[in-house]
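Here is the file start-v4.cif (mmCIF, C-alpha atoms).
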data_query
loop_
_atom_site.label_atom_id
_atom_site.label_comp_id
_atom_site.auth_asym_id
_atom_site.auth_seq_id
_atom_site.Cartn_x
_atom_site.Cartn_y
_atom_site.Cartn_z
CA MET A 1 57.64 34.68 5.81
CA GLU A 2 58.70 31.23 4.69
CA ALA A 3 58.69 29.75 8.14
CA ARG A 4 55.39 28.11 8.92
CA SER A 5 56.01 28.54 12.63
CA ARG A 6 55.40 32.28 12.24
CA CYS A 7 51.67 31.66 11.72
CA ARG A 8 49.89 32.57 14.93
CA LEU A 9 46.50 31.26 13.84
CA PRO A 10 45.39 28.31 11.70
CA CYS A 11 45.93 28.92 8.01
CA SER A 12 42.35 27.99 7.19
CA TYR A 13 41.20 31.27 8.74
CA TYR A 14 44.04 33.78 8.37
CA MET A 15 46.84 33.89 5.80
CA THR A 16 50.09 35.21 7.25
CA CYS A 17 52.72 32.90 5.76
CA LYS A 18 53.77 31.42 2.43
CA CYS A 19 51.42 28.45 2.71
CA CYS A 20 48.49 30.85 2.84
CA MET A 21 49.36 33.06 -0.15
CA LYS A 22 47.02 31.14 -2.44
CA ARG A 23 44.03 32.19 -0.33
CA MET A 24 44.81 35.92 -0.48
CA ASP A 25 42.42 38.07 -2.47
CA GLY A 26 43.37 40.04 -5.57
CA LYS A 27 44.17 43.20 -3.62
CA GLY A 28 46.87 41.49 -1.55
CA LYS A 29 44.82 41.42 1.62
CA SER A 30 45.11 38.34 3.79
CA PHE A 31 41.64 38.64 5.33
CA ILE A 32 38.70 37.06 3.53
CA ARG A 33 35.21 37.55 4.89
CA ARG A 34 33.45 34.30 5.59
CA THR A 35 29.76 34.45 4.74
CA LEU A 36 27.04 32.02 5.74
CA GLY A 37 25.28 32.11 2.40
CA SER A 38 23.37 34.46 0.21
CA THR A 39 21.78 37.46 1.91
CA GLY A 40 18.94 39.71 0.95
CA PHE A 41 15.29 39.15 0.20
CA VAL A 42 14.35 35.70 -1.12
CA GLN A 43 11.42 35.90 -3.52
CA ALA A 44 9.23 32.89 -2.93
CA VAL A 45 5.59 32.10 -2.36
CA GLY A 46 4.49 33.09 1.16
CA THR A 47 7.35 35.48 1.93
CA LYS A 48 7.73 39.23 2.29
CA ALA A 49 10.63 41.62 2.85
CA GLY A 50 11.55 42.30 6.47
CA PRO A 51 13.87 44.75 8.22
CA ASN A 52 17.66 44.62 7.81
CA GLY A 53 17.52 42.63 4.58
CA THR A 54 15.65 39.68 6.09
CA THR A 55 12.88 37.59 4.55
CA LEU A 56 9.80 36.93 6.68
CA VAL A 57 7.51 33.89 6.64
CA SER A 58 4.07 33.95 8.23
CA THR A 59 3.17 31.92 11.30
CA GLY A 60 -0.37 31.49 9.97
CA LEU A 61 -1.84 33.83 12.60
CA SER A 62 -1.92 37.51 11.65
CA ASP A 63 -1.99 38.70 15.27
CA LEU A 64 1.09 36.65 16.09
CA ASP A 65 2.89 38.00 13.03
CA LYS A 66 2.32 41.55 14.26
CA ILE A 67 3.59 40.69 17.74
CA ILE A 68 6.88 39.14 16.59
CA GLY A 69 7.64 41.84 14.02
CA GLY A 70 5.95 40.65 10.84
CA GLY A 71 6.74 36.93 10.84
CA ILE A 72 9.51 34.38 11.30
CA PRO A 73 12.83 35.35 9.65
CA LEU A 74 13.88 32.91 6.96
CA GLY A 75 16.41 30.55 8.50
CA GLY A 76 15.12 31.18 12.02
CA ILE A 77 13.55 29.03 14.72
CA ILE A 78 10.64 29.96 16.94
CA MET A 79 10.27 28.01 20.20
CA ILE A 80 7.13 27.79 22.32
CA MET A 81 7.22 26.68 25.96
CA GLU A 82 4.17 24.56 26.65
CA ASP A 83 1.88 24.56 29.65
CA ILE A 84 0.97 21.03 30.70
CA GLU A 85 -2.48 22.29 31.74
CA ALA A 86 -3.33 24.00 28.43
CA PRO A 87 -3.14 22.90 24.78
CA HIS A 88 -2.70 26.41 23.38
CA HIS A 89 0.64 25.50 21.80
CA LEU A 90 -1.25 23.06 19.58
CA LEU A 91 -3.32 25.94 18.19
CA LEU A 92 -0.19 27.83 17.18
CA LEU A 93 1.30 24.64 15.74
CA ARG A 94 -1.82 23.98 13.65
CA TYR A 95 -1.80 27.51 12.25
CA PHE A 96 1.89 27.17 11.37
CA LEU A 97 1.36 23.93 9.45
CA ALA A 98 -1.90 25.09 7.83
CA GLN A 99 -0.20 28.19 6.42
CA GLY A 100 2.47 25.99 4.86
CA VAL A 101 -0.18 23.79 3.25
CA VAL A 102 -1.97 26.81 1.77
CA HIS A 103 1.23 28.16 0.22
CA GLY A 104 2.28 24.72 -1.05
CA GLN A 105 5.41 24.63 1.12
CA PRO A 106 6.97 21.24 1.98
CA LEU A 107 6.54 20.17 5.61
CA LEU A 108 8.59 18.07 8.01
CA PHE A 109 6.59 17.21 11.13
CA ALA A 110 8.11 15.31 14.07
CA SER A 111 5.95 14.35 17.03
CA PRO A 112 5.87 11.87 19.93
CA LEU A 113 2.49 10.70 18.62
CA THR A 114 2.23 7.18 17.28
CA SER A 115 0.81 8.48 13.99
CA PRO A 116 1.91 12.08 13.36
CA LYS A 117 0.10 12.11 10.02
CA SER A 118 -3.23 11.93 11.82
CA PHE A 119 -2.44 15.29 13.44
CA LEU A 120 -2.44 16.91 9.99
CA GLY A 121 -6.10 15.97 9.68
CA THR A 122 -6.90 18.41 12.52
CA LEU A 123 -5.54 21.47 10.70
CA PRO A 124 -8.07 24.31 10.34
CA GLY A 125 -9.63 24.92 6.95
CA LEU A 126 -9.04 27.97 4.79
CA THR A 127 -11.81 30.55 4.55
CA LYS A 128 -12.25 33.75 2.62
CA GLY A 129 -10.99 36.83 4.39
CA LYS A 130 -12.87 40.04 4.95
CA ASP A 131 -11.12 41.74 2.04
CA SER A 132 -12.05 39.02 -0.43
CA LYS A 133 -15.63 39.08 0.81
CA GLY A 134 -15.75 42.82 0.32
CA ASN A 135 -14.40 42.47 -3.22
CA VAL A 136 -17.08 39.91 -4.06
CA ASP A 137 -19.78 42.20 -2.71
CA LEU A 138 -18.29 45.08 -4.69
CA GLN A 139 -18.37 43.07 -7.92
CA LYS A 140 -21.98 42.06 -7.29
CA SER A 141 -22.88 45.70 -6.67
CA GLY A 142 -21.14 46.72 -9.89
CA GLN A 143 -23.04 44.09 -11.87
CA SER A 144 -26.36 45.08 -10.39
CA ALA A 145 -25.61 48.75 -11.06
CA ASP A 146 -25.59 48.12 -14.80
CA GLY A 147 -29.28 47.32 -14.79
CA LEU A 148 -30.41 49.89 -12.22
CA ARG A 149 -30.43 53.65 -12.15
CA ILE A 150 -28.48 54.90 -9.16
CA ALA A 151 -26.92 58.18 -8.14
CA TRP A 152 -24.00 59.20 -10.31
CA GLN A 153 -21.81 59.71 -7.23
CA TYR A 154 -22.20 56.05 -6.27
CA GLN A 155 -21.55 54.97 -9.86
CA ARG A 156 -18.37 57.03 -9.88
CA TYR A 157 -17.30 55.46 -6.61
CA LEU A 158 -17.83 51.95 -8.02
CA ASN A 159 -15.80 52.80 -11.12
CA GLU A 160 -12.90 54.10 -9.03
CA GLN A 161 -12.93 51.03 -6.81
CA LYS A 162 -13.04 48.75 -9.84
CA ALA A 163 -10.08 50.57 -11.42
CA LEU A 164 -8.08 50.28 -8.19
CA GLU A 165 -8.88 46.58 -7.95
CA THR A 166 -7.85 46.01 -11.56
CA ARG A 167 -4.59 47.86 -11.01
CA ARG A 168 -3.84 45.87 -7.86
CA GLN A 169 -4.48 42.56 -9.62
CA ARG A 170 -2.25 43.63 -12.49
CA GLN A 171 0.58 44.44 -10.10
CA GLN A 172 0.19 41.06 -8.42
CA GLU A 173 0.29 39.30 -11.79
CA ILE A 174 3.51 41.10 -12.71
CA ALA A 175 5.05 40.19 -9.36
CA SER A 176 3.95 36.58 -9.63
CA GLN A 177 5.56 36.23 -13.06
CA SER A 178 8.96 36.97 -11.50
CA TRP A 179 8.40 34.32 -8.85
CA ALA A 180 9.48 31.12 -10.49
CA SER A 181 8.49 29.19 -7.39
CA GLY A 182 4.90 30.11 -7.95
CA ARG A 183 4.99 28.65 -11.42
CA LEU A 184 6.75 25.55 -10.12
CA HIS A 185 4.08 24.69 -7.55
CA ALA A 186 1.09 25.72 -9.61
CA SER A 187 1.08 22.42 -11.47
CA SER A 188 1.30 20.26 -8.34
CA LEU A 189 -1.40 21.95 -6.27
CA SER A 190 -5.16 21.54 -6.33
CA PRO A 191 -7.04 23.47 -9.08
CA ASN A 192 -8.32 26.22 -6.77
CA LEU A 193 -4.95 26.71 -5.11
CA SER A 194 -3.11 26.47 -8.43
CA SER A 195 -5.11 29.33 -9.92
CA SER A 196 -4.52 31.41 -6.80
CA VAL A 197 -0.76 30.90 -6.96
CA THR A 198 -0.60 31.69 -10.65
CA SER A 199 -2.60 34.90 -10.33
CA GLY A 200 -0.69 35.97 -7.23
CA SER A 201 -3.89 36.36 -5.18
CA LEU A 202 -2.62 34.30 -2.23
CA GLU A 203 -2.37 36.39 0.91
CA TYR A 204 0.72 36.47 3.11
CA THR A 205 -1.37 35.24 6.06
CA GLY A 206 -4.45 33.15 5.43
CA THR A 207 -7.75 33.21 7.31
CA PHE A 208 -8.60 29.88 8.90
CA ASP A 209 -11.71 28.47 10.56
CA LEU A 210 -11.19 26.11 13.49
CA ARG A 211 -14.62 24.56 12.87
CA LYS A 212 -13.59 23.35 9.41
CA SER A 213 -10.94 20.85 8.39
CA MET A 214 -8.24 21.42 5.82
CA ASP A 215 -9.13 20.30 2.31
CA GLN A 216 -7.78 16.80 1.76
CA ALA A 217 -6.77 17.64 -1.81
CA MET A 218 -4.57 20.46 -0.56
CA LEU A 219 -2.95 18.17 2.01
CA ASN A 220 -2.21 15.52 -0.61
CA ALA A 221 -0.68 18.08 -2.96
CA VAL A 222 1.95 19.19 -0.42
CA ASN A 223 5.14 17.21 0.09
CA THR A 224 4.87 16.16 3.75
CA VAL A 225 7.33 14.10 5.79
CA CYS A 226 6.06 12.81 9.15
CA PHE A 227 8.37 11.32 11.79
CA SER A 228 7.34 9.64 15.04
CA LEU A 229 9.69 9.93 18.01
CA GLN A 230 8.23 6.80 19.58
CA GLY A 231 10.04 3.53 19.08
CA GLU A 232 13.32 5.17 18.04
CA THR A 233 16.46 4.18 19.92
CA ASP A 234 18.85 6.55 18.18
CA MET A 235 18.91 10.13 16.91
CA ALA A 236 20.36 9.07 13.55
CA PRO A 237 17.00 8.67 11.73
CA LEU A 238 15.83 12.10 12.83
CA HIS A 239 19.20 13.56 11.86
CA GLY A 240 18.92 12.00 8.43
CA GLN A 241 15.38 13.22 7.80
CA CYS A 242 16.24 16.80 8.80
CA ALA A 243 19.50 16.83 6.84
CA ALA A 244 17.81 15.56 3.67
CA PHE A 245 14.95 18.05 4.05
CA VAL A 246 17.23 21.06 4.59
CA THR A 247 19.59 20.02 1.78
CA THR A 248 16.78 20.20 -0.77
CA HIS A 249 16.09 23.79 0.34
CA SER A 250 19.67 25.01 0.43
CA ARG A 251 20.14 28.52 -0.95
CA SER A 252 23.18 27.44 -2.94
CA VAL A 253 21.42 24.43 -4.49
CA GLN A 254 17.91 25.71 -5.08
CA GLU A 255 17.58 27.50 -8.40
CA VAL A 256 13.89 28.12 -7.71
CA PRO A 257 13.40 29.41 -4.13
CA ASN A 258 10.85 27.49 -2.14
CA VAL A 259 10.37 27.73 1.61
CA GLY A 260 10.20 24.60 3.75
CA ARG A 261 8.74 24.31 7.24
CA ILE A 262 10.00 22.09 10.06
CA ALA A 263 7.68 21.57 13.04
CA MET A 264 8.56 19.54 16.14
CA GLN A 265 5.93 18.93 18.78
CA SER A 266 6.78 18.29 22.44
CA ILE A 267 10.35 17.22 21.81
CA TYR A 268 11.00 16.71 25.54
CA ALA A 269 7.77 14.82 26.19
CA PRO A 270 7.98 11.69 28.41
CA GLN A 271 6.96 9.52 25.43
CA SER A 272 10.32 10.13 23.76
CA MET A 273 12.73 11.21 26.50
CA HIS A 274 13.07 7.69 27.85
CA LEU A 275 15.02 7.02 24.65
CA PHE A 276 16.91 10.33 24.25
CA SER A 277 18.80 12.21 26.93
CA GLU A 278 18.26 15.93 27.45
CA TRP A 279 21.76 16.80 26.31
CA LYS A 280 21.52 14.74 23.14
CA MET A 281 18.32 16.56 22.19
CA LEU A 282 19.95 19.89 23.04
CA SER A 283 22.94 19.17 20.79
CA PHE A 284 20.54 18.08 18.04
CA LEU A 285 18.64 21.39 18.22
CA ALA A 286 21.93 23.33 18.11
CA TRP A 287 22.91 21.39 14.98
CA LEU A 288 19.46 21.94 13.47
CA LYS A 289 19.65 25.68 14.02
CA GLY A 290 23.03 25.78 12.27
CA ILE A 291 21.86 24.04 9.09
CA ILE A 292 18.55 25.93 8.95
CA ARG A 293 20.31 29.29 9.07
CA THR A 294 21.78 28.84 5.58
CA ALA A 295 18.65 27.36 3.96
CA ASN A 296 15.20 28.50 2.88
CA VAL A 297 13.64 26.85 5.92
CA VAL A 298 11.86 28.02 9.06
CA GLY A 299 11.32 25.94 12.18
CA LEU A 300 8.85 25.78 15.06
CA VAL A 301 9.63 23.74 18.17
CA THR A 302 7.44 23.23 21.24
CA PHE A 303 8.60 21.69 24.51
CA PRO A 304 7.23 21.32 28.08
CA ALA A 305 9.33 23.76 30.10
CA SER A 306 8.17 22.44 33.47
CA LEU A 307 9.74 19.01 32.79
CA LEU A 308 13.24 20.31 32.05
CA LYS A 309 16.17 21.08 34.27
CA PRO A 310 16.98 24.79 34.69
CA SER A 311 20.38 24.37 33.03
CA VAL A 312 18.83 22.77 29.92
CA LEU A 313 16.01 25.31 29.83
CA VAL A 314 18.40 28.26 29.80
CA ARG A 315 20.37 26.80 26.90
CA LEU A 316 17.19 26.17 24.94
CA GLN A 317 16.14 29.78 25.42
CA HIS A 318 19.47 30.94 24.01
CA LEU A 319 19.06 28.70 20.95
CA ALA A 320 15.69 30.19 20.02
CA ASP A 321 15.48 33.17 17.67
CA ILE A 322 11.95 33.86 18.91
CA LEU A 323 10.88 32.54 22.32
CA LEU A 324 7.24 32.40 23.43
CA SER A 325 5.33 30.65 26.18
CA VAL A 326 1.66 29.89 26.77
CA GLU A 327 -0.11 29.79 30.12
CA ALA A 328 -3.48 28.47 31.17
CA VAL A 329 -5.97 30.73 32.94
CA SER A 330 -8.03 29.24 35.75
CA ASP A 331 -11.70 30.10 36.16
CA ASP A 332 -11.44 31.00 39.85
CA HIS A 333 -8.49 33.40 39.80
CA LYS A 334 -10.03 36.24 41.81
CA GLU A 335 -7.09 38.66 41.62
CA MET A 336 -6.77 38.45 37.85
CA GLU A 337 -10.52 38.65 37.40
CA ALA A 338 -10.52 41.95 39.30
CA MET A 339 -7.66 43.33 37.20
CA LEU A 340 -8.97 42.44 33.72
CA THR A 341 -12.24 43.59 32.22
CA ASP A 342 -12.53 40.72 29.71
CA TYR A 343 -11.34 37.94 31.99
CA GLN A 344 -14.27 35.64 31.17
CA ASP A 345 -13.41 35.68 27.45
CA ILE A 346 -9.72 34.84 27.94
CA SER A 347 -8.77 31.19 27.44
CA GLY A 348 -5.03 31.62 27.99
CA LEU A 349 -2.05 33.97 28.03
CA LEU A 350 0.82 34.34 25.57
CA HIS A 351 4.15 35.59 26.94
CA VAL A 352 6.84 37.04 24.66
CA HIS A 353 10.34 36.44 26.03
CA LYS A 354 12.60 37.03 23.03
CA LEU A 355 12.37 38.41 19.49
CA ALA A 356 14.64 37.77 16.53
CA SER A 357 17.62 40.08 15.94
CA ILE A 358 19.12 38.95 12.64
CA ASN A 359 21.52 41.11 10.57
CA THR A 360 21.57 43.69 13.33
CA GLN A 361 23.19 44.31 16.70
CA VAL A 362 20.18 46.19 18.05
CA PRO A 363 17.87 43.94 20.09
CA SER A 364 14.15 43.93 19.35
CA PHE A 365 11.59 44.55 22.06
CA PRO A 366 7.87 43.76 21.85
CA GLU A 367 5.20 46.34 22.56
CA ALA A 368 3.97 44.21 25.45
CA SER A 369 5.24 41.08 27.13
CA THR A 370 1.86 39.43 27.74
CA TYR A 371 -1.15 39.02 25.45
CA SER A 372 -4.51 37.36 25.94
CA ILE A 373 -5.55 34.34 23.87
CA LYS A 374 -9.19 34.31 22.84
CA VAL A 375 -11.22 32.11 20.52
CA SER A 376 -13.61 34.40 18.68
CA ARG A 377 -16.94 32.77 17.85
CA ARG A 378 -15.24 29.39 18.22
CA LYS A 379 -13.64 29.66 14.81
CA GLU A 380 -10.53 31.85 15.01
CA VAL A 381 -7.78 32.60 17.51
CA VAL A 382 -7.33 36.24 18.51
CA LEU A 383 -4.35 37.71 20.41
CA GLU A 384 -5.01 41.01 22.14
CA HIS A 385 -3.46 43.36 24.66
CA LEU A 386 -4.62 42.91 28.22
CA HIS A 387 -7.47 45.28 29.07
CA LEU A 388 -6.97 46.43 32.64
CA ALA A 389 -9.92 47.46 34.78
CA PRO A 390 -10.09 51.14 35.87
CA VAL A 391 -8.47 51.97 39.18
CA ASP A 392 -10.80 52.89 42.04
CA VAL A 393 -9.27 56.23 43.05
CA TYR A 394 -11.95 56.84 45.69
CA GLY A 395 -11.11 53.69 47.56
CA LYS A 396 -14.68 52.39 47.75
CA GLY A 397 -15.04 48.99 49.22
CA SER A 398 -11.70 49.12 51.04
CA GLY A 399 -10.62 50.24 54.46
CA ASN A 400 -7.94 52.62 53.19
CA ALA A 401 -8.72 56.19 52.20
CA GLY A 402 -8.94 56.92 48.51
CA ALA A 403 -6.60 59.21 46.62
CA ALA A 404 -9.23 61.95 46.31
CA GLN A 405 -9.90 61.93 50.04
CA VAL A 406 -6.22 62.22 50.86
CA LEU A 407 -5.60 65.09 48.43
CA CYS A 408 -8.73 67.16 49.16
CA SER A 409 -9.31 66.62 52.88
CA THR A 410 -8.80 69.29 55.57
CA PRO A 411 -5.44 69.16 57.41
CA ALA A 412 -5.58 68.10 61.06
CA ASN A 413 -4.04 71.36 62.34
CA ALA A 414 -6.12 73.71 60.12
CA PRO A 415 -7.75 76.62 62.01
CA SER A 416 -10.81 76.49 59.76
CA SER A 417 -12.68 73.78 57.92
CA LEU A 418 -12.33 75.82 54.74
CA ASP A 419 -8.52 75.51 54.73
CA PHE A 420 -7.27 72.77 52.42
#
This entry written out as structure tokens:
Amino acid sequence: MEARSRCRLPCSYYMTCKCCMKRMDGKGKSFIRRTLGSTGFVQAVGTKAGPNGTTLVSTGLSDLDKIIGGGIPLGGIIMIMEDIEAPHHLLLLRYFLAQGVVHGQPLLFASPLTSPKSFLGTLPGLTKGKDSKGNVDLQKSGQSADGLRIAWQYQRYLNEQKALETRRQRQQEIASQSWASGRLHASSLSPNLSSSVTSGSLEYTGTFDLRKSMDQAMLNAVNTVCFSLQGETDMAPLHGQCAAFVTTHSRSVQEVPNVGRIAMQSIYAPQSMHLFSEWKMLSFLAWLKGIIRTANVVGLVTFPASLLKPSVLVRLQHLADILLSVEAVSDDHKEMEAMLTDYQDISGLLHVHKLASINTQVPSFPEASTYSIKVSRRKEVVLEHLHLAPVDVYGKGSGNAGAAQVLCSTPANAPSSLDF
């Protein structure tokens, strides 16, 4: 036991000789489990409990949250493969950043644009959801009921709804008091947002209007770091910005949990790849995934898949916790128009290639691999299942016989026309 040569593995991992005795646990066992940080649900503004002890963060789009299993796992990265003919990835990127602004979460945005900060001015504005509108209408009805004589059944219904609403607000206030992060950001946000954080009335996923712009006061209240990939000759500045951002959100350092968001737009775009090689960017993303995993940070990365080599593309897909792709839909696609009933309303397609499997060995599978992207009333993005057109079982309009004709016709060798 005293000979160091008897160690078969490095002493920093396993303790099998005298030089390793100091690292043995109190029970005399030489194996010590190496953990990546604290596990379990992280209580912070804009988070909710997920499966297998994970913490989920919203993408800003409720339909996308449902598709990927509730949201992005804390410490995970979602990657979106762009289509050079469609800007749908920019819609998902705007929703991701807008949700961080609403919850007062610090942002790090890297882009090949000359002025990435100007992109933040295109974020959609926050609107009241259907639930909040219904609550306002309910309060107005309750106030008007005091001065009018109405049926006692309706009055009883209003009283029950008011009691339920009061109870729900009380529960949210109790929950918000245990969230120290909410109290921390309440003083730095705008007055309207500050009151929402303090009362716990902020929703997990906000409702945004593409026709409106984000409130400038809300943008100024959020700690935002913008980085342009143009004009840089080395990866060191980007490394430094990401390292400093993630360090401030480390789970071992942060006494008050607060989620940070890292967004990188078109990292393999021609504007920046003349300075960085594909393999340098790939090694940077692998390093970024490693440091994000142990911090209260989520990341979103978009890249043009058609401009990458197959070997680099496969490695990028393995790095992603959640992998999506967007596809443009042409107006004169006859085959797809015949297959889908709502083809004219579809502006693009969303493909789901991979879902997160954190703290579990069981892979996750989506309900469907392809969804339609629609812009409802030009103000909100909607993701829906594909609605297939009914099959023509009678074979009308085609030269082949339909299924009903084949099944119910008279056999060729039948002695009578009544034999089927």
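From atom CA of Asn258 of chain A back to atom CA of Phe41 of chain A, the distance works out to 12.7 Å.
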Ranking A:Phe303, A:Trp279, A:Phe119, A:Tyr268 by minimum distance to Leu219 of chain A and counting only C-alpha atoms, which one comes first?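 Checking each candidate against Leu219 of chain A, we get A:Phe119 as the closest.
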Give me the residues within 12 Å of Glu380 of chain A as a ChimeraX atom specification, counting all atoms listed in the file and dropping any in the same chain fewer than 3 places off. /A:60-63,91-92,94-95,124-127,129,206-212,373-377,383
From A:Ser266, A:Ser277, A:Asn223, A:Gln317, residue lying nearest Ile78 of chain A [all atoms listed in the file]: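 Distance minimum relative to Ile78 of chain A lands on A:Gln317.
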Using only C-alpha atoms for the distances, tell me which of A:Leu56, A:Leu285, A:Val222, A:His88 is nearest to Ser347 of chain A.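 Residue with the minimum atom-to-atom distance to Ser347 of chain A: A:His88.
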Would you list the contacts of segment 290-293 of chain A as a list in words, taking every protein, DNA or RNA residue within 9 Å and counting only C-alpha atoms, but skipping same-chain residues closer than 6 positions in sequence?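 Listed by chain and then number, they are Leu36, Gly37, Leu74, Gly75, Gly76, Ile77, Ala243, Val246, Thr247, Ser250 and Gly299 of chain A.
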